[in-house]
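Novice: For reference, the structure I am asking about is given below.
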Number of protein chains: 2
Amino acid sequence: MPVYRMTIEYDGTPFSGWQIQPGRPTVQGALEAALATALRRPVAVVGAGRTDAGVHARGQVAHFVADDLRMPVRRLLASLGGLLPDAVAVRDLSEAPDGFHARYDARVRRYRYYVTTGFRALDRHWRVPVRPAPDFERMQAAADLLVGQHDFDSFCRTQSETKNRVCTVYEARWLRESDEDACFDMAGNRFLHGMVRAVVGTLLETGRGQRPVEDMARLLACKDRRAAGSAAPARGLVLEEVRY
Amino acid sequence: MPVYRMTIEYDGTPFSGWQIQPGRPTVQGALEAALATALRRPVAVVGAGRTDAGVHARGQVAHFVADDLRMPVRRLLASLGGLLPDAVAVRDLSEAPDGFHARYDARVRRYRYYVTTGFRALDRHWRVPVRPAPDFERMQAAADLLVGQHDFDSFCRTQSETKNRVCTVYEARWLRESDEDACFDMAGNRFLHGMVRAVVGTLLETGRGQRPVEDMARLLACKDRRAAGSAAPARGLVLEEVRY
């Protein structure tokens, strides 16, 4: 049966995360409901990554399998625009190569965590104030230690079911967007539950002088979640891109 | 008495515009209430421009006159952060030269109107979908006719009290932000009530082929609001900057 691939943007604020949970608003649930209405049959949606409650996406990728759509994909895309809540948008929809799987085939995932050292209002849903301003050079020096293949056990929520906690980080850099705004850009082959938020929380503690820069190397070695910093708030995090 | 100058960002969504109106949430009202709490006396706030209900700002400028603040301006700035609703932020606060007036002294105001030809979620509070995509080259050609000194009577809400409707437009250009996103950037010495939204509405009709490009010249000459296009929605408009 044909497989369809979607690129999805969402404001995570009103959702209890990506993954369907009974009785709670979820992004996956909203997509499955809209597709079921448009296609008049139940459709299962598989996403590349399960974002937590409050986390956003600009480039989440998901697939679904469906027999004859009975309409061109462009028309389905437009009807989803009318059926989905405002906080979710399917940006792109196309037929994928046979056997495409949004989660298993993903090679690179990119997250960004948005902060401001100033006072902001328009972007407040996805940009977190960090005041006083942390030392971005220190935070970059600590972030440099993340690049490469490491066991990220210290940055994984303990209740997670995953046993293999080895991830390869391709990029980990702070980008200055303006005098006041910056984001932490992190690309890797996979991310554990709560990993980016734990990394950003640890970097912010480093940037405030509460940890030495070399602490990052120690944390990667010690494999103890309690040793890392507290998680940065969910609302600053955006899944930007998934590559195949 | 010392005059203080503020740069203000706000999400216009929850407000009935800038200007104080009894019994309604307004940006000016929120600022005066926060300042009155911080300074323990009533304070009148004067803005550079009165934005309509639903219109946003990243760089609104306002002033207030106050005797001894009894605290450093940096501390007042920080306490306003705690006293204001989330949708309003004072980005900057400083003592201004004697006699500074936010409205009368403003030389250039810059607005941007944000659109997308795609499906978006994260920026939906301040970016308006325009589908199918209008012809941006046609819209730029029509916008070129706006630059210079003209009577903008055709683009002013009729109930406005202003008699002199001559404005000088310094810039009027469409900026492509990405494949799907664009904004209309307009700078001038002054703007009439509803002017940018009427201009953008007219440009969009031009971009959809509903008006010839030269219509813009005819509209500037005919001085009849009914001849121009319908106003684009308030939520796409942002007051970006005021220069002195």
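Identifiers in this document derive from the order of the structure tokens: chains are assigned A, B, ..., residues are numbered from 1 separately in each chain, and ligands are numbered from 1 in order of occurrence.
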Neighbouring residues of Leu39 of chain B were defined as those with any atom within 10 Å, considering only C-alpha atoms; residues of the same chain fewer than 2 positions away were excluded. Please report them as a list in words.

Specialist: Ala33, Ala34, Leu35, Ala36, Thr37, Arg41, Pro42, Val43, Ala66, Asp67, Asp68, Leu69, Arg70, Met71 and Leu76 of chain B

Novice: Would you give me, as a compact mmCIF listing (two decimals) with N, CA, C and O atoms, in the first residue's frame, the residues of chain B that come within 7 Å of chain A, using only C-alpha atoms?

Specialist:
# COMPACT_ATOMS: atom_id res chain seq x y z
N GLU B 9 7.58 45.80 23.33
CA GLU B 9 7.12 44.73 22.43
C GLU B 9 5.80 44.21 22.97
O GLU B 9 5.65 44.08 24.19
N TYR B 10 4.85 43.96 22.09
CA TYR B 10 3.62 43.32 22.57
C TYR B 10 2.96 42.45 21.52
O TYR B 10 3.09 42.68 20.33
N ASP B 11 2.29 41.45 22.04
CA ASP B 11 1.42 40.60 21.25
C ASP B 11 0.04 41.23 21.37
O ASP B 11 -0.56 41.23 22.44
N ASP B 86 2.14 38.74 30.35
CA ASP B 86 3.10 38.09 29.45
C ASP B 86 3.11 38.69 28.05
O ASP B 86 4.12 38.62 27.36
N ALA B 87 1.97 39.22 27.61
CA ALA B 87 1.87 39.69 26.24
C ALA B 87 2.50 41.06 26.02
O ALA B 87 2.54 41.56 24.89
N VAL B 88 3.00 41.70 27.08
CA VAL B 88 3.67 43.00 26.96
C VAL B 88 5.03 42.94 27.61
O VAL B 88 5.16 42.40 28.72
N ALA B 89 6.05 43.46 26.94
CA ALA B 89 7.39 43.51 27.53
C ALA B 89 8.02 44.87 27.26
O ALA B 89 7.98 45.35 26.13
N VAL B 90 8.56 45.48 28.30
CA VAL B 90 9.37 46.67 28.11
C VAL B 90 10.78 46.18 27.83
O VAL B 90 11.40 45.54 28.67
N ARG B 91 11.26 46.41 26.61
CA ARG B 91 12.56 45.87 26.19
C ARG B 91 13.69 46.75 26.69
O ARG B 91 14.81 46.28 26.88
N GLY B 118 2.23 29.20 2.82
CA GLY B 118 2.16 27.81 3.23
C GLY B 118 1.22 27.61 4.42
O GLY B 118 0.35 28.44 4.69
N PHE B 119 1.42 26.50 5.12
CA PHE B 119 0.62 26.17 6.29
C PHE B 119 1.54 26.28 7.50
O PHE B 119 2.55 25.58 7.57
N ARG B 120 1.21 27.14 8.45
CA ARG B 120 2.10 27.40 9.56
C ARG B 120 1.34 27.34 10.89
O ARG B 120 0.12 27.52 10.93
N ALA B 121 2.09 27.08 11.97
CA ALA B 121 1.44 26.99 13.28
C ALA B 121 2.14 27.86 14.33
O ALA B 121 1.48 28.55 15.09
N LEU B 122 3.47 27.83 14.37
CA LEU B 122 4.18 28.51 15.46
C LEU B 122 4.04 30.02 15.42
O LEU B 122 4.04 30.67 16.45

Novice: Excluding same-chain residues fewer than 5 positions from Val166 of chain B, what lies within 9 Å of it counting only C-alpha atoms, as an mmCIF file with all heavy atoms, in the first residue's frame?

Specialist:
data_model
loop_
_atom_site.group_PDB
_atom_site.id
_atom_site.type_symbol
_atom_site.label_atom_id
_atom_site.label_comp_id
_atom_site.auth_asym_id
_atom_site.auth_seq_id
_atom_site.Cartn_x
_atom_site.Cartn_y
_atom_site.Cartn_z
ATOM 1 N N GLN B 149 5.840 61.418 -1.454
ATOM 2 C CA GLN B 149 4.824 62.144 -0.686
ATOM 3 C C GLN B 149 3.491 62.091 -1.422
ATOM 4 O O GLN B 149 3.395 62.490 -2.592
ATOM 5 C CB GLN B 149 5.294 63.596 -0.499
ATOM 6 C CG GLN B 149 4.356 64.391 0.380
ATOM 7 C CD GLN B 149 4.924 65.768 0.703
ATOM 8 O OE1 GLN B 149 5.998 65.900 1.292
ATOM 9 N NE2 GLN B 149 4.205 66.812 0.314
ATOM 10 N N HIS B 150 2.473 61.561 -0.736
ATOM 11 C CA HIS B 150 1.152 61.408 -1.359
ATOM 12 C C HIS B 150 0.067 61.674 -0.322
ATOM 13 O O HIS B 150 0.294 61.512 0.876
ATOM 14 C CB HIS B 150 0.938 59.964 -1.862
ATOM 15 C CG HIS B 150 1.978 59.475 -2.807
ATOM 16 N ND1 HIS B 150 2.041 59.865 -4.127
ATOM 17 C CD2 HIS B 150 3.015 58.623 -2.625
ATOM 18 C CE1 HIS B 150 3.062 59.269 -4.707
ATOM 19 N NE2 HIS B 150 3.677 58.518 -3.827
ATOM 20 N N ASP B 151 -1.122 62.001 -0.830
ATOM 21 C CA ASP B 151 -2.292 62.065 0.028
ATOM 22 C C ASP B 151 -2.858 60.644 0.113
ATOM 23 O O ASP B 151 -3.249 60.065 -0.913
ATOM 24 C CB ASP B 151 -3.333 63.018 -0.574
ATOM 25 C CG ASP B 151 -4.478 63.270 0.383
ATOM 26 O OD1 ASP B 151 -4.942 62.302 1.030
ATOM 27 O OD2 ASP B 151 -4.913 64.423 0.505
ATOM 28 N N PHE B 152 -2.884 60.060 1.318
ATOM 29 C CA PHE B 152 -3.317 58.672 1.478
ATOM 30 C C PHE B 152 -4.787 58.556 1.897
ATOM 31 O O PHE B 152 -5.179 57.589 2.550
ATOM 32 C CB PHE B 152 -2.410 57.939 2.476
ATOM 33 C CG PHE B 152 -1.140 57.426 1.831
ATOM 34 C CD1 PHE B 152 -0.026 58.247 1.674
ATOM 35 C CD2 PHE B 152 -1.064 56.126 1.343
ATOM 36 C CE1 PHE B 152 1.137 57.782 1.066
ATOM 37 C CE2 PHE B 152 0.089 55.645 0.733
ATOM 38 C CZ PHE B 152 1.192 56.481 0.598
ATOM 39 N N ASP B 153 -5.591 59.557 1.505
ATOM 40 C CA ASP B 153 -7.001 59.576 1.880
ATOM 41 C C ASP B 153 -7.718 58.266 1.531
ATOM 42 O O ASP B 153 -8.535 57.762 2.309
ATOM 43 C CB ASP B 153 -7.680 60.742 1.153
ATOM 44 C CG ASP B 153 -8.929 61.188 1.895
ATOM 45 O OD1 ASP B 153 -8.990 60.966 3.120
ATOM 46 O OD2 ASP B 153 -9.831 61.733 1.252
ATOM 47 N N ARG B 190 4.677 59.271 8.815
ATOM 48 C CA ARG B 190 3.467 59.083 9.618
ATOM 49 C C ARG B 190 2.553 58.098 8.908
ATOM 50 O O ARG B 190 2.680 57.870 7.703
ATOM 51 C CB ARG B 190 2.742 60.414 9.854
ATOM 52 C CG ARG B 190 2.234 61.072 8.579
ATOM 53 C CD ARG B 190 1.875 62.539 8.801
ATOM 54 N NE ARG B 190 0.603 62.706 9.489
ATOM 55 C CZ ARG B 190 -0.539 63.077 8.877
ATOM 56 N NH1 ARG B 190 -0.574 63.321 7.577
ATOM 57 N NH2 ARG B 190 -1.645 63.215 9.554
#

Novice: Separation of atom CA of Arg235 of chain B and atom CA of Glu32 of chain A, in Å?

Specialist: 29.3 Å

Novice: List every residue of segment 4-233 of chain B that DSSP, applied to the backbone, labels as helix (DSSP H, G or I), and write the result as a ChimeraX atom specification.

Specialist: /B:27-39,73-83,136-144,153-155,195-207,215-222,225-227

Novice: Next, dump the selected residues to file, keeping only C-alpha atoms, as a compact mmCIF listing (two decimals), in the first residue's frame.

Specialist:
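What landed in out-v8.txt:
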# COMPACT_ATOMS: atom_id res chain seq x y z
CA VAL B 27 -1.45 48.03 26.07
CA GLN B 28 -1.29 51.61 27.32
CA GLY B 29 -3.54 50.64 30.23
CA ALA B 30 -1.34 47.64 31.12
CA LEU B 31 1.79 49.84 31.08
CA GLU B 32 0.23 52.59 33.19
CA ALA B 33 -1.01 50.03 35.73
CA ALA B 34 2.42 48.37 36.00
CA LEU B 35 4.22 51.72 36.31
CA ALA B 36 1.72 52.92 38.92
CA THR B 37 2.42 49.79 41.00
CA ALA B 38 6.19 50.06 40.61
CA LEU B 39 6.36 53.81 41.28
CA VAL B 73 16.20 52.47 35.77
CA ARG B 74 17.56 48.92 35.48
CA ARG B 75 15.66 47.93 38.58
CA LEU B 76 12.46 49.55 37.31
CA LEU B 77 12.91 47.66 34.01
CA ALA B 78 13.23 44.36 35.87
CA SER B 79 10.20 45.01 38.08
CA LEU B 80 8.07 45.89 35.06
CA GLY B 81 8.98 42.42 33.74
CA GLY B 82 7.28 40.93 36.78
CA LEU B 83 4.30 43.32 36.83
CA PHE B 136 5.07 39.12 -5.46
CA GLU B 137 6.59 40.89 -8.48
CA ARG B 138 3.25 42.51 -9.30
CA MET B 139 2.81 43.47 -5.66
CA GLN B 140 6.28 45.04 -5.60
CA ALA B 141 5.56 46.99 -8.79
CA ALA B 142 2.39 48.41 -7.20
CA ALA B 143 4.21 49.09 -3.92
CA ASP B 144 6.86 51.11 -5.81
CA ASP B 153 -7.00 59.58 1.88
CA SER B 154 -8.04 56.42 -0.02
CA PHE B 155 -6.21 54.31 2.57
CA MET B 195 -3.38 52.70 6.42
CA VAL B 196 -0.94 49.77 6.30
CA ARG B 197 -3.75 47.21 6.41
CA ALA B 198 -5.61 48.96 3.56
CA VAL B 199 -2.38 49.16 1.52
CA VAL B 200 -1.61 45.46 2.11
CA GLY B 201 -5.19 44.46 1.28
CA THR B 202 -4.94 46.41 -1.98
CA LEU B 203 -1.54 44.92 -2.79
CA LEU B 204 -2.85 41.38 -2.21
CA GLU B 205 -5.75 42.04 -4.61
CA THR B 206 -3.15 43.26 -7.13
CA GLY B 207 -1.03 40.15 -6.52
CA ASP B 215 -4.44 51.03 -9.89
CA MET B 216 -2.25 52.15 -7.02
CA ALA B 217 -1.59 55.50 -8.74
CA ARG B 218 -5.32 55.94 -9.43
CA LEU B 219 -6.17 55.20 -5.78
CA LEU B 220 -3.67 57.76 -4.49
CA ALA B 221 -5.29 60.35 -6.78
CA CYS B 222 -8.99 59.57 -6.23
CA ARG B 225 -11.53 54.78 0.79
CA ARG B 226 -14.17 52.66 -0.96
CA ALA B 227 -11.96 52.49 -4.05

Novice: So, with only C-alpha atoms as the atoms that count, which of A:Gly54, A:Pro212, A:Pro2, A:Gly148 lies closest to Pro14 of chain A?

Specialist: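 Smallest distance to Pro14 of chain A is found for A:Gly54.
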
Novice: Quick one: residues within 9 Å of Ala182 of chain A, only C-alpha atoms counted, chain neighbours fewer than 6 positions away excluded, as JSON, numbers by chain?

Specialist: {"A": [113, 114, 115, 116, 117, 174, 175, 176]}

Novice: Could you save those same residues with N, CA and C atoms as a compact mmCIF listing (two decimals), in the first residue's frame?

Specialist:
# COMPACT_ATOMS: atom_id res chain seq x y z
N TYR A 113 16.98 25.11 20.70
CA TYR A 113 16.42 25.61 21.95
C TYR A 113 16.61 27.13 21.97
N TYR A 114 15.50 27.87 22.07
CA TYR A 114 15.52 29.33 21.90
C TYR A 114 15.49 30.07 23.23
N VAL A 115 16.43 30.98 23.38
CA VAL A 115 16.49 31.78 24.62
C VAL A 115 16.61 33.27 24.27
N THR A 116 16.32 34.09 25.26
CA THR A 116 16.57 35.53 25.13
C THR A 116 17.12 36.04 26.45
N THR A 117 18.05 36.97 26.35
CA THR A 117 18.56 37.61 27.57
C THR A 117 17.78 38.89 27.85
N TRP A 174 25.91 27.20 19.75
CA TRP A 174 25.05 28.33 20.08
C TRP A 174 25.09 29.30 18.91
N LEU A 175 23.92 29.68 18.42
CA LEU A 175 23.83 30.65 17.32
C LEU A 175 23.27 31.95 17.89
N ARG A 176 23.96 33.06 17.68
CA ARG A 176 23.44 34.35 18.13
C ARG A 176 22.51 34.88 17.06

Novice: Per DSSP on the backbone, filter segment 2-220 of chain B down to the residues in strand (DSSP E or B) and report them as a ChimeraX atom specification.

Specialist: /B:3-10,46-47,56-65,88-96,108-116,128-129,148-151,166-176,181-188

Novice: Please report the interatomic distance between atom CA of Arg243 of chain A and atom CA of Ala133 of chain B in Å with one decimal.

Specialist: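 Going from atom CA of Arg243 of chain A over to atom CA of Ala133 of chain B, I get 27.0 Å.
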
Novice: Pick from B:Pro72, B:Phe15, B:Val147, B:Tyr4: nearest to Gly47 of chain B, with only C-alpha atoms counted?

Specialist: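 Selected residue with least distance to Gly47 of chain B: B:Tyr4.
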
Novice: Just the residues within 10 Å of Gly194 of chain A, please, counting only C-alpha atoms, with nothing from its chain fewer than 6 positions along; format it as a list of chain:residue names.

Specialist: A:Thr51, A:Asp52, A:Phe155, A:Cys156, A:Arg157, A:Thr158, A:Ser160, A:Ala231, A:Ala232, A:Ala234

Novice: For the selection you just gave me, I'd like the residues written to a file as a JSON list (two decimals), in the first residue's frame, keeping N, CA and C atoms.

Specialist:
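Wrote it out as part25.json, contents follow:
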[["chain", "number", "residue", "atom", "x", "y", "z"],
["A", 51, "THR", "N", 7.86, 14.08, 20.67],
["A", 51, "THR", "CA", 8.19, 15.26, 21.47],
["A", 51, "THR", "C", 7.34, 15.28, 22.74],
["A", 52, "ASP", "N", 7.94, 15.81, 23.81],
["A", 52, "ASP", "CA", 7.27, 15.89, 25.12],
["A", 52, "ASP", "C", 6.19, 16.97, 25.14],
["A", 155, "PHE", "N", 21.96, 12.24, 30.65],
["A", 155, "PHE", "CA", 21.04, 13.25, 30.12],
["A", 155, "PHE", "C", 19.71, 12.61, 29.69],
["A", 156, "CYS", "N", 19.43, 11.43, 30.22],
["A", 156, "CYS", "CA", 18.21, 10.71, 29.83],
["A", 156, "CYS", "C", 17.32, 10.55, 31.05],
["A", 157, "ARG", "N", 16.03, 10.79, 30.87],
["A", 157, "ARG", "CA", 15.10, 10.58, 31.98],
["A", 157, "ARG", "C", 15.15, 9.12, 32.43],
["A", 158, "THR", "N", 15.26, 8.92, 33.72],
["A", 158, "THR", "CA", 15.50, 7.56, 34.23],
["A", 158, "THR", "C", 14.38, 6.58, 33.89],
["A", 160, "SER", "N", 12.93, 6.16, 31.25],
["A", 160, "SER", "CA", 12.92, 5.78, 29.83],
["A", 160, "SER", "C", 13.21, 4.29, 29.67],
["A", 231, "ALA", "N", 16.43, 20.14, 33.93],
["A", 231, "ALA", "CA", 15.95, 20.30, 32.55],
["A", 231, "ALA", "C", 15.50, 21.73, 32.30],
["A", 232, "ALA", "N", 15.87, 22.29, 31.16],
["A", 232, "ALA", "CA", 15.35, 23.59, 30.75],
["A", 232, "ALA", "C", 13.87, 23.42, 30.38],
["A", 234, "ALA", "N", 10.26, 23.06, 28.72],
["A", 234, "ALA", "CA", 9.88, 22.46, 27.44],
["A", 234, "ALA", "C", 9.61, 23.50, 26.36]]

Novice: Compare A:His101, A:Arg112, A:Arg50, A:Arg211 by their minimum atom-to-atom distance to Ala172 of chain A, counting only C-alpha atoms, and give me the closest one.

Specialist: A:Arg112
